[in-house]
>>> print(open('final-v3.pdb').read())   # PDB, N, CA and C atoms
ATOM      1  N   GLU M   1     -59.879 -86.258-254.063
ATOM      2  CA  GLU M   1     -58.928 -87.358-254.024
ATOM      3  C   GLU M   1     -58.136 -87.282-252.708
ATOM      4  N   PRO M   2     -58.036 -88.390-251.976
ATOM      5  CA  PRO M   2     -57.301 -88.382-250.702
ATOM      6  C   PRO M   2     -55.811 -88.106-250.908
ATOM      7  N   GLN M   3     -55.261 -87.333-249.996
ATOM      8  CA  GLN M   3     -53.838 -87.018-250.051
ATOM      9  C   GLN M   3     -53.063 -88.027-249.217
ATOM     10  N   ARG M   4     -51.785 -88.181-249.530
ATOM     11  CA  ARG M   4     -50.913 -89.096-248.784
ATOM     12  C   ARG M   4     -50.581 -88.508-247.426
ATOM     13  N   PRO M   5     -50.349 -89.362-246.420
ATOM     14  CA  PRO M   5     -49.951 -88.861-245.101
ATOM     15  C   PRO M   5     -48.655 -88.053-245.184
ATOM     16  N   LEU M   6     -48.561 -87.046-244.331
ATOM     17  CA  LEU M   6     -47.385 -86.201-244.270
ATOM     18  C   LEU M   6     -46.493 -86.655-243.133
ATOM     19  N   LEU M   7     -45.198 -86.691-243.363
ATOM     20  CA  LEU M   7     -44.239 -87.114-242.346
ATOM     21  C   LEU M   7     -43.425 -85.904-241.910
ATOM     22  N   GLU M   8     -43.384 -85.693-240.609
ATOM     23  CA  GLU M   8     -42.676 -84.561-240.033
ATOM     24  C   GLU M   8     -41.635 -85.120-239.058
ATOM     25  N   GLN M   9     -40.381 -84.703-239.179
ATOM     26  CA  GLN M   9     -39.321 -85.174-238.289
ATOM     27  C   GLN M   9     -38.617 -83.989-237.663
ATOM     28  N   VAL M  10     -38.330 -84.114-236.379
ATOM     29  CA  VAL M  10     -37.626 -83.052-235.675
ATOM     30  C   VAL M  10     -36.748 -83.687-234.601
ATOM     31  N   THR M  11     -35.582 -83.111-234.368
ATOM     32  CA  THR M  11     -34.689 -83.563-233.309
ATOM     33  C   THR M  11     -34.808 -82.571-232.160
ATOM     34  N   LEU M  12     -35.062 -83.111-230.972
ATOM     35  CA  LEU M  12     -35.302 -82.276-229.799
ATOM     36  C   LEU M  12     -34.481 -82.747-228.619
ATOM     37  N   ALA M  13     -34.302 -81.848-227.654
ATOM     38  CA  ALA M  13     -33.748 -82.256-226.366
ATOM     39  C   ALA M  13     -34.782 -83.154-225.696
ATOM     40  N   GLY M  14     -34.311 -84.154-224.970
ATOM     41  CA  GLY M  14     -35.209 -85.117-224.338
ATOM     42  C   GLY M  14     -36.289 -84.485-223.477
ATOM     43  N   ASN M  15     -35.959 -83.370-222.811
ATOM     44  CA  ASN M  15     -36.934 -82.745-221.918
ATOM     45  C   ASN M  15     -37.991 -81.923-222.660
ATOM     46  N   LYS M  16     -37.886 -81.779-223.963
ATOM     47  CA  LYS M  16     -38.851 -81.004-224.762
ATOM     48  C   LYS M  16     -39.854 -81.890-225.494
ATOM     49  N   VAL M  17     -39.660 -83.196-225.436
ATOM     50  CA  VAL M  17     -40.450 -84.117-226.257
ATOM     51  C   VAL M  17     -41.928 -84.112-225.891
ATOM     52  N   VAL M  18     -42.247 -84.214-224.616
ATOM     53  CA  VAL M  18     -43.654 -84.326-224.212
ATOM     54  C   VAL M  18     -44.439 -83.082-224.645
ATOM     55  N   ALA M  19     -43.886 -81.902-224.433
ATOM     56  CA  ALA M  19     -44.582 -80.677-224.834
ATOM     57  C   ALA M  19     -44.802 -80.650-226.346
ATOM     58  N   TYR M  20     -43.802 -81.074-227.102
ATOM     59  CA  TYR M  20     -43.915 -81.083-228.565
ATOM     60  C   TYR M  20     -45.003 -82.064-229.022
ATOM     61  N   VAL M  21     -45.010 -83.255-228.432
ATOM     62  CA  VAL M  21     -45.997 -84.270-228.814
ATOM     63  C   VAL M  21     -47.407 -83.816-228.423
ATOM     64  N   LYS M  22     -47.567 -83.238-227.245
ATOM     65  CA  LYS M  22     -48.885 -82.734-226.828
ATOM     66  C   LYS M  22     -49.395 -81.684-227.811
ATOM     67  N   GLU M  23     -48.518 -80.780-228.213
ATOM     68  CA  GLU M  23     -48.905 -79.728-229.163
ATOM     69  C   GLU M  23     -49.296 -80.332-230.509
ATOM     70  N   ALA M  24     -48.549 -81.322-230.950
ATOM     71  CA  ALA M  24     -48.851 -81.971-232.232
ATOM     72  C   ALA M  24     -50.205 -82.675-232.175
ATOM     73  N   ILE M  25     -50.473 -83.370-231.077
ATOM     74  CA  ILE M  25     -51.744 -84.087-230.932
ATOM     75  C   ILE M  25     -52.908 -83.105-230.878
ATOM     76  N   ALA M  26     -52.704 -81.970-230.239
ATOM     77  CA  ALA M  26     -53.763 -80.958-230.147
ATOM     78  C   ALA M  26     -54.189 -80.443-231.514
ATOM     79  N   SER M  27     -53.319 -80.555-232.511
ATOM     80  CA  SER M  27     -53.677 -80.102-233.854
ATOM     81  C   SER M  27     -54.761 -80.981-234.472
ATOM     82  N   GLY M  28     -54.913 -82.202-233.965
ATOM     83  CA  GLY M  28     -56.040 -83.036-234.364
ATOM     84  C   GLY M  28     -55.863 -83.905-235.589
ATOM     85  N   ASN M  29     -54.750 -83.855-236.280
ATOM     86  CA  ASN M  29     -54.611 -84.677-237.482
ATOM     87  C   ASN M  29     -53.412 -85.624-237.410
ATOM     88  N   VAL M  30     -52.972 -85.968-236.209
ATOM     89  CA  VAL M  30     -51.822 -86.857-236.036
ATOM     90  C   VAL M  30     -52.302 -88.302-236.043
ATOM     91  N   ARG M  31     -51.672 -89.114-236.874
ATOM     92  CA  ARG M  31     -52.011 -90.529-236.959
ATOM     93  C   ARG M  31     -51.051 -91.406-236.165
ATOM     94  N   ARG M  32     -49.794 -90.935-236.048
ATOM     95  CA  ARG M  32     -48.789 -91.778-235.404
ATOM     96  C   ARG M  32     -47.635 -90.914-234.911
ATOM     97  N   VAL M  33     -47.087 -91.294-233.757
ATOM     98  CA  VAL M  33     -45.917 -90.628-233.203
ATOM     99  C   VAL M  33     -44.881 -91.700-232.900
ATOM    100  N   VAL M  34     -43.677 -91.518-233.418
ATOM    101  CA  VAL M  34     -42.578 -92.444-233.136
ATOM    102  C   VAL M  34     -41.414 -91.616-232.601
ATOM    103  N   VAL M  35     -40.830 -92.078-231.489
ATOM    104  CA  VAL M  35     -39.682 -91.396-230.896
ATOM    105  C   VAL M  35     -38.488 -92.332-230.991
ATOM    106  N   TYR M  36     -37.374 -91.809-231.521
ATOM    107  CA  TYR M  36     -36.164 -92.599-231.741
ATOM    108  C   TYR M  36     -35.009 -92.065-230.904
ATOM    109  N   LYS M  37     -34.129 -92.955-230.479
ATOM    110  CA  LYS M  37     -32.868 -92.546-229.872
ATOM    111  C   LYS M  37     -31.980 -91.992-230.987
ATOM    112  N   GLN M  38     -30.848 -91.393-230.598
ATOM    113  CA  GLN M  38     -29.936 -90.812-231.594
ATOM    114  C   GLN M  38     -29.419 -91.846-232.580
ATOM    115  N   ASP M  39     -29.283 -93.099-232.155
ATOM    116  CA  ASP M  39     -28.761 -94.137-233.058
ATOM    117  C   ASP M  39     -29.829 -94.716-233.984
ATOM    118  N   GLY M  40     -31.064 -94.212-233.891
ATOM    119  CA  GLY M  40     -32.131 -94.674-234.766
ATOM    120  C   GLY M  40     -32.999 -95.768-234.183
ATOM    121  N   THR M  41     -32.699 -96.218-232.978
ATOM    122  CA  THR M  41     -33.502 -97.251-232.318
ATOM    123  C   THR M  41     -34.799 -96.621-231.804
ATOM    124  N   PRO M  42     -35.952 -97.220-232.128
ATOM    125  CA  PRO M  42     -37.208 -96.648-231.644
ATOM    126  C   PRO M  42     -37.339 -96.790-230.118
ATOM    127  N   LEU M  43     -37.746 -95.710-229.468
ATOM    128  CA  LEU M  43     -38.041 -95.736-228.040
ATOM    129  C   LEU M  43     -39.511 -96.018-227.804
ATOM    130  N   MET M  44     -40.359 -95.388-228.615
ATOM    131  CA  MET M  44     -41.795 -95.529-228.440
ATOM    132  C   MET M  44     -42.487 -95.285-229.766
ATOM    133  N   ASP M  45     -43.491 -96.093-230.040
ATOM    134  CA  ASP M  45     -44.291 -95.969-231.258
ATOM    135  C   ASP M  45     -45.747 -95.933-230.827
ATOM    136  N   VAL M  46     -46.408 -94.809-231.046
ATOM    137  CA  VAL M  46     -47.781 -94.635-230.586
ATOM    138  C   VAL M  46     -48.692 -94.376-231.785
ATOM    139  N   PRO M  47     -49.428 -95.409-232.238
ATOM    140  CA  PRO M  47     -50.416 -95.176-233.290
ATOM    141  C   PRO M  47     -51.665 -94.543-232.670
ATOM    142  N   LEU M  48     -52.228 -93.557-233.337
ATOM    143  CA  LEU M  48     -53.393 -92.863-232.812
ATOM    144  C   LEU M  48     -54.593 -93.170-233.684
ATOM    145  N   GLY M  49     -55.647 -93.650-233.063
ATOM    146  CA  GLY M  49     -56.857 -94.008-233.794
ATOM    147  C   GLY M  49     -57.599 -92.792-234.307
ATOM    148  N   THR M  50     -58.446 -93.013-235.285
ATOM    149  CA  THR M  50     -59.188 -91.914-235.887
ATOM    150  C   THR M  50     -60.518 -91.671-235.196
ATOM    151  N   SER M  51     -60.953 -92.579-234.339
ATOM    152  CA  SER M  51     -62.303 -92.473-233.786
ATOM    153  C   SER M  51     -62.361 -91.750-232.450
ATOM    154  N   VAL M  52     -61.244 -91.323-231.909
ATOM    155  CA  VAL M  52     -61.225 -90.686-230.606
ATOM    156  C   VAL M  52     -61.106 -89.171-230.779
ATOM    157  N   ALA M  53     -61.948 -88.451-230.092
ATOM    158  CA  ALA M  53     -61.883 -86.983-230.146
ATOM    159  C   ALA M  53     -60.587 -86.506-229.511
ATOM    160  N   VAL M  54     -60.134 -85.339-229.900
ATOM    161  CA  VAL M  54     -58.855 -84.828-229.421
ATOM    162  C   VAL M  54     -58.835 -84.716-227.899
ATOM    163  N   GLY M  55     -59.889 -84.199-227.280
ATOM    164  CA  GLY M  55     -59.933 -84.074-225.824
ATOM    165  C   GLY M  55     -59.834 -85.426-225.145
ATOM    166  N   GLY M  56     -60.566 -86.396-225.651
ATOM    167  CA  GLY M  56     -60.517 -87.747-225.097
ATOM    168  C   GLY M  56     -59.172 -88.393-225.331
ATOM    169  N   LEU M  57     -58.556 -88.062-226.437
ATOM    170  CA  LEU M  57     -57.252 -88.625-226.769
ATOM    171  C   LEU M  57     -56.195 -88.184-225.765
ATOM    172  N   ALA M  58     -56.236 -86.919-225.383
ATOM    173  CA  ALA M  58     -55.263 -86.418-224.412
ATOM    174  C   ALA M  58     -55.401 -87.163-223.090
ATOM    175  N   THR M  59     -56.618 -87.444-222.674
ATOM    176  CA  THR M  59     -56.848 -88.178-221.426
ATOM    177  C   THR M  59     -56.367 -89.613-221.550
ATOM    178  N   LEU M  60     -56.671 -90.238-222.661
ATOM    179  CA  LEU M  60     -56.249 -91.626-222.869
ATOM    180  C   LEU M  60     -54.734 -91.759-222.970
ATOM    181  N   LEU M  61     -54.081 -90.739-223.497
ATOM    182  CA  LEU M  61     -52.637 -90.806-223.693
ATOM    183  C   LEU M  61     -51.826 -90.333-222.489
ATOM    184  N   ALA M  62     -52.477 -89.873-221.436
ATOM    185  CA  ALA M  62     -51.743 -89.354-220.280
ATOM    186  C   ALA M  62     -50.685 -90.332-219.759
ATOM    187  N   PRO M  63     -51.021 -91.620-219.530
ATOM    188  CA  PRO M  63     -49.981 -92.548-219.061
ATOM    189  C   PRO M  63     -48.862 -92.744-220.085
ATOM    190  N   THR M  64     -49.205 -92.729-221.362
ATOM    191  CA  THR M  64     -48.203 -92.879-222.416
ATOM    192  C   THR M  64     -47.270 -91.676-222.437
ATOM    193  N   LEU M  65     -47.832 -90.483-222.253
ATOM    194  CA  LEU M  65     -47.004 -89.278-222.242
ATOM    195  C   LEU M  65     -46.073 -89.250-221.033
ATOM    196  N   VAL M  66     -46.535 -89.759-219.899
ATOM    197  CA  VAL M  66     -45.673 -89.844-218.714
ATOM    198  C   VAL M  66     -44.507 -90.795-218.994
ATOM    199  N   ALA M  67     -44.806 -91.943-219.591
ATOM    200  CA  ALA M  67     -43.754 -92.909-219.931
ATOM    201  C   ALA M  67     -42.795 -92.312-220.962
ATOM    202  N   LEU M  68     -43.331 -91.617-221.930
ATOM    203  CA  LEU M  68     -42.504 -90.975-222.950
ATOM    204  C   LEU M  68     -41.566 -89.957-222.317
ATOM    205  N   GLY M  69     -42.085 -89.162-221.404
ATOM    206  CA  GLY M  69     -41.262 -88.171-220.719
ATOM    207  C   GLY M  69     -40.140 -88.805-219.931
ATOM    208  N   ALA M  70     -40.442 -89.911-219.252
ATOM    209  CA  ALA M  70     -39.419 -90.611-218.470
ATOM    210  C   ALA M  70     -38.341 -91.190-219.376
ATOM    211  N   LEU M  71     -38.747 -91.806-220.478
ATOM    212  CA  LEU M  71     -37.773 -92.377-221.412
ATOM    213  C   LEU M  71     -36.924 -91.295-222.074
ATOM    214  N   ALA M  72     -37.577 -90.262-222.554
ATOM    215  CA  ALA M  72     -36.863 -89.208-223.281
ATOM    216  C   ALA M  72     -35.894 -88.455-222.373
ATOM    217  N   ALA M  73     -36.221 -88.348-221.087
ATOM    218  CA  ALA M  73     -35.348 -87.636-220.150
ATOM    219  C   ALA M  73     -33.999 -88.328-219.996
ATOM    220  N   LEU M  74     -33.929 -89.597-220.336
ATOM    221  CA  LEU M  74     -32.675 -90.351-220.237
ATOM    222  C   LEU M  74     -31.699 -90.011-221.360
ATOM    223  N   PHE M  75     -32.166 -89.314-222.380
ATOM    224  CA  PHE M  75     -31.348 -89.036-223.556
ATOM    225  C   PHE M  75     -31.226 -87.545-223.773
ATOM    226  N   SER M  76     -30.039 -87.117-224.212
ATOM    227  CA  SER M  76     -29.838 -85.680-224.441
ATOM    228  C   SER M  76     -30.631 -85.207-225.659
ATOM    229  N   GLN M  77     -30.733 -86.059-226.674
ATOM    230  CA  GLN M  77     -31.524 -85.717-227.849
ATOM    231  C   GLN M  77     -32.245 -86.946-228.362
ATOM    232  N   VAL M  78     -33.433 -86.718-228.896
ATOM    233  CA  VAL M  78     -34.207 -87.774-229.539
ATOM    234  C   VAL M  78     -34.781 -87.203-230.839
ATOM    235  N   ARG M  79     -35.161 -88.113-231.717
ATOM    236  CA  ARG M  79     -35.808 -87.703-232.967
ATOM    237  C   ARG M  79     -37.271 -88.088-232.874
ATOM    238  N   VAL M  80     -38.144 -87.144-233.145
ATOM    239  CA  VAL M  80     -39.583 -87.383-233.112
ATOM    240  C   VAL M  80     -40.086 -87.378-234.550
ATOM    241  N   GLU M  81     -40.831 -88.416-234.883
ATOM    242  CA  GLU M  81     -41.406 -88.537-236.222
ATOM    243  C   GLU M  81     -42.923 -88.555-236.065
ATOM    244  N   ILE M  82     -43.579 -87.615-236.689
ATOM    245  CA  ILE M  82     -45.034 -87.500-236.589
ATOM    246  C   ILE M  82     -45.631 -87.695-237.973
ATOM    247  N   THR M  83     -46.586 -88.604-238.055
ATOM    248  CA  THR M  83     -47.312 -88.824-239.303
ATOM    249  C   THR M  83     -48.648 -88.112-239.188
ATOM    250  N   ARG M  84     -48.902 -87.199-240.107
ATOM    251  CA  ARG M  84     -50.151 -86.433-240.112
ATOM    252  C   ARG M  84     -51.025 -86.875-241.279
ATOM    253  N   ASP M  85     -52.319 -86.855-241.044
ATOM    254  CA  ASP M  85     -53.286 -87.191-242.082
ATOM    255  C   ASP M  85     -53.894 -85.896-242.625
ATOM    256  N   PRO M  86     -53.509 -85.494-243.833
ATOM    257  CA  PRO M  86     -54.041 -84.235-244.377
ATOM    258  C   PRO M  86     -55.532 -84.310-244.703
ATOM    259  N   ASN M  87     -56.100 -85.521-244.668
ATOM    260  CA  ASN M  87     -57.520 -85.688-244.962
ATOM    261  C   ASN M  87     -58.399 -85.529-243.722
ATOM    262  N   ARG M  88     -57.750 -85.403-242.556
ATOM    263  CA  ARG M  88     -58.496 -85.207-241.302
ATOM    264  C   ARG M  88     -58.300 -83.776-240.836
ATOM    265  N   PRO M  89     -59.340 -83.193-240.247
ATOM    266  CA  PRO M  89     -59.200 -81.816-239.734
ATOM    267  C   PRO M  89     -58.301 -81.762-238.524
TER
END
>>> encode(input="final-v3.pdb", output="structure tokens")
Amino acid sequence: EPQRPLLEQVTLAGNKVVAYVKEAIASGNVRRVVVYKQDGTPLMDVPLGTSVAVGGLATLLAPTLVALGALAALFSQVRVEITRDPNRP
């Protein structure tokens, strides 16, 4: 029986966001990444497809990660919300 997606939330310093997101994506079961400002306003929402291999995903997301780093650097803290699919390796 398929399990429900898992939601993981963490508050980080803006300069730590890109490393955290890269590490999460490397785990291979991330479906979506949303980054919020402290007031709850979304900065970036990145849905991740299921058909792209992890290595290819990192290459495809390089421009997005650069933009994320630039946006997050403007804020002292942001909240990162990661949706994981427990049914995917």
>>> closest_residue(input="final-v3.pdb", among="M:Leu7, M:Val34, M:Ile25, M:Val17", to="Ser76 (chain M)", atoms="only C-alpha atoms")
M:Val17
>>> select_by_dssp(input="final-v3.pdb", residues="chain M", states="strand (DSSP E or B)", output="ChimeraX atom specification")
/M:6-13,30-36,42-47,77-84
>>> closest_residue(input="final-v3.pdb", among="M:Ala26, M:Ala67, M:Val78, M:Leu6", to="Gly40 (chain M)", atoms="only C-alpha atoms")
M:Val78
>>> axis_aligned_box(input="final-v3.pdb", around="region 7-21 of chain M", padding_each_side="3 Å", output="AutoDock Vina command-line options")
--center_x -40.6 --center_y -83.9 --center_z -232.6 --size_x 19.7 --size_y 12.5 --size_z 27.4
>>> atom_distance(input="final-v3.pdb", atom1="atom N of Ala62 (chain M)", atom2="atom N of Asn87 (chain M)")
23.9 Å
>>> atom_distance(input="final-v3.pdb", atom1="atom C of Pro5 (chain M)", atom2="atom N of Arg84 (chain M)")
5.2 Å
>>> resolve_selection(input="final-v3.pdb", expression="the PyMOL selection byres ((chain M and resi 81) around 6.5)", output="list in words")
Leu7, Glu8, Gln9, Val10, Arg32, Val33, Val34, Val35, Tyr36, Arg79, Val80, Ile82 and Thr83 of chain M
>>> resolve_selection(input="final-v3.pdb", expression="the PyMOL selection byres (((chain M and resi 12 and name CA) around 6) and name CA)", output="ChimeraX atom specification")
/M:11,13,77-78
>>> select_by_dssp(input="final-v3.pdb", residues="chain M", states="helix (DSSP H, G or I)", output="ChimeraX atom specification")
/M:14-26,54-60,62-73
>>> atom_distance(input="final-v3.pdb", atom1="CA of Ala19 (chain M)", atom2="CA of Gln3 (chain M)")
27.6 Å
>>> closest_residue(input="final-v3.pdb", among="M:Gly69, M:Arg31, M:Pro2, M:Ala24", to="Asp85 (chain M)", atoms="all atoms listed in the file")
M:Arg31
>>> closest_residue(input="final-v3.pdb", among="M:Tyr20, M:Ala73, M:Pro86, M:Thr64", to="Lys37 (chain M)", atoms="only C-alpha atoms")
M:Ala73
